[in-house]
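First the structure, in the form of structure tokens, and then the observations on it.
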Amino acid sequence: MKALWAVLALVALCLGACQLPTNVATKRVDSLRSAQDTCLRENIAQFDDRTSDARQVGRFVAMSCSVQTEKLVQYAVPYATRQEYAAFQNDAAVRATGYVVSSRAAAS
């Protein structure tokens, strides 16, 4: 019986050691989100003519950063559904629209 408990304890330790620590995973997601934000901000000038609808410009900017969004989705949700991927892409478009509005306000 003691051998069984010893084996179970070893298995539990191994399983715990095999998991990525939460703070490391969080830092990686933060790093990927930062890369996506940088891409969104840097691509505004390429798409914004300052007369088009900010939401439309935001969608174009978000599409131009789809590589960064894809990396973020793959890490945050390894087996993402279409709906989950669409939610990440929509979030990028909303944030890009905010950056477009901020950029226009700063230029005024």
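Naming works like this for the structure tokens: A, B, ... for the chains as they're shown, residue 1 at the start of each chain, ligands 1 onward in shown order.
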
Based on the backbone DSSP call, show me all residues of chain A assigned helix (DSSP H, G or I), as JSON, numbers by chain.
{"A": [2, 3, 4, 5, 6, 7, 8, 9, 10, 11, 12, 13, 14, 15, 16, 17, 18, 22, 23, 24, 25, 26, 27, 28, 29, 30, 31, 32, 33, 34, 35, 36, 37, 38, 39, 40, 41, 42, 44, 45, 46, 47, 54, 55, 56, 57, 58, 59, 60, 61, 62, 63, 64, 66, 67, 68, 69, 70, 71, 72, 73, 74, 75, 76, 82, 83, 84, 85, 86, 87, 88, 89, 90, 91, 92, 93, 94, 95, 96, 97, 98, 99, 100, 101, 102, 103, 104, 105, 106, 107]}

Nearest to Ala107 (chain A), restricted to only C-alpha atoms and choosing among A:Asp48, A:Leu32, A:Gln74, A:Ala80, comes out as A:Asp48

| said: I'd like the contact shell of region 33-47 of chain A - 8 Å cut-off, only C-alpha atoms, skipping same-chain residues fewer than 5 positions apart - returned as a PyMOL selection string. | reply: chain A and resi 57-58+60-62+64-65+68-69+72+92+96+99-100

Output file for the residues above (N, CA and C atoms, as a compact mmCIF listing (two decimals), in the first residue's frame):
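again.txt was written with the following content:
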# COMPACT_ATOMS: atom_id res chain seq x y z
N VAL A 57 -11.31 51.72 -41.19
CA VAL A 57 -9.85 51.80 -41.13
C VAL A 57 -9.33 50.82 -40.08
N GLY A 58 -10.01 50.75 -38.93
CA GLY A 58 -9.62 49.83 -37.88
C GLY A 58 -9.65 48.38 -38.34
N PHE A 60 -9.25 47.33 -41.46
CA PHE A 60 -8.13 47.14 -42.38
C PHE A 60 -6.81 46.99 -41.62
N VAL A 61 -6.63 47.83 -40.61
CA VAL A 61 -5.42 47.77 -39.80
C VAL A 61 -5.35 46.41 -39.10
N ALA A 62 -6.46 45.96 -38.53
CA ALA A 62 -6.48 44.67 -37.84
C ALA A 62 -6.15 43.52 -38.81
N SER A 64 -4.28 43.74 -41.39
CA SER A 64 -2.86 43.81 -41.73
C SER A 64 -1.98 43.20 -40.63
N CYS A 65 -2.53 43.04 -39.44
CA CYS A 65 -1.80 42.45 -38.31
C CYS A 65 -2.28 41.04 -38.00
N GLN A 68 0.20 38.56 -36.24
CA GLN A 68 0.35 38.74 -34.79
C GLN A 68 -0.88 38.21 -34.06
N THR A 69 -2.05 38.45 -34.62
CA THR A 69 -3.29 37.95 -34.01
C THR A 69 -3.30 36.43 -34.01
N LEU A 72 -1.09 35.10 -31.29
CA LEU A 72 -1.75 35.28 -30.00
C LEU A 72 -2.82 34.22 -29.78
N ALA A 92 -9.15 42.86 -32.04
CA ALA A 92 -8.07 43.62 -32.69
C ALA A 92 -8.64 44.79 -33.48
N ALA A 96 -7.87 48.61 -32.76
CA ALA A 96 -7.31 49.41 -33.85
C ALA A 96 -8.15 50.64 -34.12
N TYR A 99 -7.27 53.18 -31.64
CA TYR A 99 -5.99 53.81 -31.97
C TYR A 99 -6.15 54.81 -33.12
N VAL A 100 -7.02 54.50 -34.09
CA VAL A 100 -7.27 55.41 -35.20
C VAL A 100 -7.90 56.71 -34.67

Would you mind reading off the distance between CA of Phe88 (chain A) and CA of Ala54 (chain A), one decimal, in Å?
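These atoms are spaced 18.8 Å apart.
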
Might you pull out every residue within 8 Å of Met63 (chain A), with only C-alpha atoms counted and same-chain residues fewer than 4 positions away left off, and present them as number ranges by chain? A: 59, 89, 93

Could you work out how far CA of Ser66 (chain A) lies from CA of Ala105 (chain A), giving the answer in Å with one decimal?
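So the answer is 25.6 Å.
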
| field | Pairwise distance for CA of Val29 (chain A) and CA of Val73 (chain A), rounded to one decimal in Å | value |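 Separation of CA of Val29 (chain A) and CA of Val73 (chain A): 9.3 Å.
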